[in-house]
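File shown here: structure_18.cif, holding mmCIF, C-alpha atoms.
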```cif
data_coords
#
loop_
_atom_site.label_atom_id
_atom_site.label_comp_id
_atom_site.auth_asym_id
_atom_site.auth_seq_id
_atom_site.Cartn_x
_atom_site.Cartn_y
_atom_site.Cartn_z
CA MET N 1 37.01 104.63 67.49
CA ASN N 2 33.94 105.10 69.62
CA ILE N 3 33.49 107.49 72.53
CA ASP N 4 34.94 105.01 75.04
CA GLY N 5 38.19 104.75 73.07
CA LEU N 6 37.32 101.31 71.74
CA ILE N 7 38.60 100.44 68.26
CA GLU N 8 36.90 97.73 66.23
CA ILE N 9 39.04 95.85 63.70
CA HIS N 10 37.65 93.40 61.15
CA THR N 11 40.24 93.42 58.37
CA ALA N 12 43.88 94.14 57.59
CA ALA N 13 42.63 97.29 55.83
CA ASP N 14 41.17 98.50 59.16
CA ILE N 15 44.61 98.05 60.71
CA GLU N 16 46.36 99.94 57.88
CA LYS N 17 43.88 102.81 58.17
CA THR N 18 44.53 103.08 61.91
CA LEU N 19 48.31 102.84 61.44
CA ASP N 20 48.02 105.71 58.93
CA ARG N 21 46.40 107.84 61.66
CA ILE N 22 49.29 107.01 64.00
CA GLU N 23 51.82 107.96 61.34
CA GLU N 24 50.07 111.27 60.67
CA ALA N 25 50.21 112.18 64.37
CA ALA N 26 53.92 111.24 64.40
CA ARG N 27 54.47 113.41 61.31
CA GLN N 28 52.87 116.40 63.04
CA ALA N 29 55.11 115.93 66.09
CA HIS N 30 58.17 115.53 63.88
CA ILE N 31 57.44 118.83 62.13
CA TRP N 32 57.21 120.61 65.50
CA ILE N 33 60.49 119.03 66.70
CA ALA N 34 62.32 120.12 63.52
CA GLN N 35 61.29 123.74 64.14
CA GLN N 36 62.66 123.96 67.69
CA SER N 37 65.48 126.18 68.92
CA SER N 38 68.84 124.82 69.95
CA ASP N 39 68.27 125.49 73.68
CA PRO N 40 68.24 121.89 75.00
CA MET N 41 66.58 122.57 78.36
CA LYS N 42 63.86 124.71 76.80
CA PHE N 43 63.23 121.95 74.27
CA LEU N 44 63.03 119.20 76.91
CA ARG N 45 60.75 121.35 79.05
CA SER N 46 58.37 121.74 76.10
CA VAL N 47 58.47 118.03 75.37
CA LYS N 48 57.63 117.13 78.95
CA PHE N 49 55.19 119.83 80.03
CA GLU N 50 53.58 121.50 77.02
CA LYS N 51 50.94 120.03 74.75
CA ARG N 52 53.13 119.79 71.67
CA GLY N 53 52.26 116.22 70.75
CA PHE N 54 49.17 114.54 69.35
CA HIS N 55 47.19 111.50 70.40
CA PRO N 56 48.01 108.80 67.82
CA ILE N 57 44.34 108.03 67.08
CA THR N 58 42.17 111.04 67.96
CA HIS N 59 44.93 113.62 67.25
CA HIS N 60 43.96 115.75 70.25
CA LYS N 61 46.87 117.65 71.80
CA LEU N 62 48.98 116.11 74.57
CA ASN N 63 52.57 116.29 75.69
CA LEU N 64 55.14 114.69 73.46
CA ILE N 65 56.24 112.11 76.04
CA GLU N 66 52.67 110.84 76.24
CA GLN N 67 52.44 110.75 72.44
CA VAL N 68 55.51 108.50 72.33
CA ASN N 69 54.03 106.17 74.94
CA GLN N 70 50.58 106.08 73.33
CA THR N 71 52.01 105.61 69.83
CA TRP N 72 53.79 102.41 70.83
CA THR N 73 50.87 101.20 72.93
CA TYR N 74 48.56 101.42 69.93
CA ALA N 75 51.14 100.13 67.45
CA VAL N 76 51.80 96.92 69.37
CA ALA N 77 48.06 96.34 69.83
CA LEU N 78 47.49 96.78 66.09
CA TYR N 79 50.35 94.48 65.08
CA ALA N 80 49.09 91.90 67.56
CA THR N 81 45.61 92.20 66.08
CA LYS N 82 47.03 91.64 62.60
CA PHE N 83 48.59 88.41 63.90
CA LEU N 84 45.30 87.40 65.56
CA LEU N 85 43.21 88.12 62.46
CA GLU N 86 45.36 85.66 60.52
CA ARG N 87 45.36 83.05 63.27
CA HIS N 88 41.71 83.34 64.30
CA PRO N 89 39.60 84.22 61.25
CA ASP N 90 36.57 82.85 63.13
CA ALA N 91 36.82 85.61 65.79
CA ASP N 92 34.53 87.99 63.84
CA GLY N 93 37.12 90.74 64.35
CA PHE N 94 38.54 92.31 67.50
CA HIS N 95 37.91 95.13 69.93
CA LEU N 96 41.03 97.05 70.93
CA ALA N 97 41.33 99.24 74.00
CA PRO N 98 45.08 99.30 74.66
CA GLY N 99 46.65 100.77 77.73
CA ALA N 100 44.75 102.36 80.54
CA ILE N 101 41.34 102.45 78.88
CA ALA N 102 38.82 101.06 81.34
CA CYS N 103 36.03 100.29 78.87
CA GLN N 104 37.34 96.78 78.26
CA GLU N 105 38.92 94.20 80.58
CA LEU N 106 41.77 93.35 78.14
CA ASP N 107 43.73 95.24 75.50
CA ILE N 108 42.37 92.97 72.75
CA MET N 109 39.22 90.85 72.80
CA SER N 110 37.60 88.91 69.99
CA ILE N 111 34.17 90.09 68.97
CA LYS N 112 33.13 86.45 69.22
CA LYS N 113 32.78 86.34 73.00
CA GLY N 114 35.20 84.10 74.88
CA LEU N 115 37.35 83.08 71.92
CA VAL N 116 40.47 85.29 72.12
CA GLY N 117 41.87 87.63 74.76
CA ALA N 118 45.24 89.39 74.77
CA GLU N 119 47.34 91.91 76.64
CA THR N 120 49.94 94.02 74.85
CA PHE N 121 52.79 96.37 75.71
CA ALA N 122 55.92 98.09 74.46
CA ALA N 123 58.98 98.39 76.69
CA THR N 124 62.76 98.60 76.62
CA SER N 125 62.69 95.05 78.02
CA PRO N 126 59.77 92.71 78.77
CA ASP N 127 60.96 92.68 82.39
CA SER N 128 60.69 96.47 82.75
CA ASN N 129 58.38 97.29 85.64
CA SER N 130 57.58 93.55 85.80
CA LYS N 131 55.21 94.15 82.89
CA ILE N 132 55.56 90.68 81.39
CA LYS N 133 54.89 89.02 84.75
CA LYS N 134 51.83 91.19 85.38
CA ASP N 135 50.35 90.56 81.95
CA ILE N 136 51.00 86.81 82.09
CA LYS N 137 49.39 86.66 85.52
CA LYS N 138 46.38 88.59 84.26
CA MET N 139 45.98 86.27 81.27
CA LYS N 140 46.49 83.18 83.41
CA GLU N 141 43.61 84.35 85.62
CA LYS N 142 41.37 84.61 82.52
CA GLY N 143 41.80 80.88 81.82
CA THR N 144 38.14 79.95 81.94
CA LEU N 145 36.97 83.07 80.08
CA TYR N 146 38.97 82.76 76.83
CA GLN N 147 39.74 79.75 74.71
CA TYR N 148 42.93 81.42 73.41
CA ARG N 149 45.05 83.74 75.54
CA TYR N 150 48.07 85.79 74.50
CA VAL N 151 50.59 88.34 75.68
CA PHE N 152 52.26 90.39 72.93
CA PHE N 153 55.10 92.86 73.33
CA THR N 154 57.63 94.80 71.35
CA SER N 155 61.10 95.43 72.73
CA PRO N 156 64.60 95.99 71.37
CA THR N 157 65.70 92.95 73.42
CA HIS N 158 63.41 90.73 71.31
CA PRO N 159 63.50 92.33 67.84
CA HIS N 160 61.69 89.64 65.83
CA THR N 161 58.17 88.27 65.68
CA GLU N 162 58.46 84.93 67.42
CA ARG N 163 56.94 82.94 70.21
CA GLN N 164 58.79 83.38 73.50
CA THR N 165 58.28 79.98 75.13
CA LYS N 166 60.92 80.73 77.79
CA LEU N 167 58.64 83.48 79.10
CA GLU N 168 55.62 81.16 79.30
CA LYS N 169 56.78 79.36 82.45
CA ASP N 170 53.99 78.41 84.84
CA CYS N 171 51.22 79.71 82.59
CA PRO N 172 49.75 76.87 80.57
CA GLY N 173 47.45 78.05 77.82
CA VAL N 174 48.99 81.52 77.51
CA GLU N 175 51.19 82.17 74.48
CA VAL N 176 53.78 84.95 74.71
CA TRP N 177 54.93 86.58 71.47
CA SER N 178 57.44 89.31 70.67
CA LEU N 179 56.53 91.47 67.68
CA GLU N 180 58.81 93.13 65.16
CA ILE N 181 57.50 96.64 64.56
#
```
Serialized structure, structure tokens:
Amino acid sequence: MNIDGLIEIHTAADIEKTLDRIEEAARQAHIWIAQQSSDPMKFLRSVKFEKRGFHPITHHKLNLIEQVNQTWTYAVALYATKFLLERHPDADGFHLAPGAIACQELDIMSIKKGLVGAETFAATSPDSNSKIKKDIKKMKEKGTLYQYRYVFFTSPTHPHTERQTKLEKDCPGVEVWSLEI
């Protein structure tokens, strides 16, 4: 990962290496959780307000709630990139900047300019906070900039990796996929 938070992925091994970093951060948080007292309010206060968690990639300290959110943000972007590497071997790899990182216009962009663009998210439901609608709209607006456009998500309401054609209404050229993670 470079200073802007951009991750460059060329191979499945790059993905596995990055997923290993995410798992190590989760392991560190899990160890802290296992050592906590039985006072439920004190525990929840620590989870919310204290820097007891770890960024899934850089491992810098942050609150545990943010670690949970960032973990799934990165995980879905990496699983989507694995899918895209297989589907678009001519993309020369991908740049990932999932979530609120402003260094890139989309969560995933092919290194080969204009070939592939994608948005990704994790949510309890794709309709939560209208996330699916917002991402589809964003990708629809990128129609002339990318030959292939995608929205990927993971959600317990869609537990398998499969194309979600029912969610693609009114957005020709944008494929929507749920991912099993």
Could you tell me which residues the PyMOL selection byres ((chain N and resi 119) around 6) returns for this structure, as an NGL selection string? :N and (106-107 or 118 or 120 or 151)
Selection above as a file: C-alpha atoms, as a PDB file, keeping the file's coordinate frame:
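Full text of out_22.pdb as output:
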```pdb
ATOM      1  CA  LEU N 106      41.770  93.350  78.140  1.00  0.00           C
ATOM      2  CA  ASP N 107      43.730  95.240  75.500  1.00  0.00           C
ATOM      3  CA  ALA N 118      45.240  89.390  74.770  1.00  0.00           C
ATOM      4  CA  THR N 120      49.940  94.020  74.850  1.00  0.00           C
ATOM      5  CA  VAL N 151      50.590  88.340  75.680  1.00  0.00           C
TER       6      VAL N 151
END
```
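Evaluated against this file, the PyMOL selection byres ((chain N and resi 137) around 12) yields Ala118, Glu119, Ser130, Lys131, Ile132, Lys133, Lys134, Asp135, Ile136, Lys138, Met139, Lys140, Glu141, Lys142, Gly143, Arg149, Tyr150, Val151, Leu167, Glu168, Lys169, Asp170, Cys171, Pro172, Gly173, Val174 and Val176 of chain N.
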Which one of N:Ala26, N:Leu85, N:Ile181, N:Val116 sits closest to Asp14 in chain N if you count all atoms listed in the file?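 The answer is N:Leu85, which sits nearest to Asp14 in chain N.
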Two-atom distance - CA of Ala75 in chain N, CA of Gly53 in chain N (Å):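 Separation of CA of Ala75 in chain N and CA of Gly53 in chain N: 16.5 Å.
If you apply the PyMOL selection byres ((chain N and resi 114) around 12) to this structure, you end up with Asp90, Ala91, Asp92, Phe94, Leu106, Ile108, Met109, Ser110, Ile111, Lys112, Lys113, Leu115, Val116, Gly117, Ala118, Lys142, Gly143, Thr144, Leu145, Tyr146, Gln147, Tyr148 and Arg149 of chain N.
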Using CA of Leu64 in chain N and CA of Arg52 in chain N as the two end points, give the distance in Å to one decimal.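 Here the two named atoms are 5.8 Å from each other.
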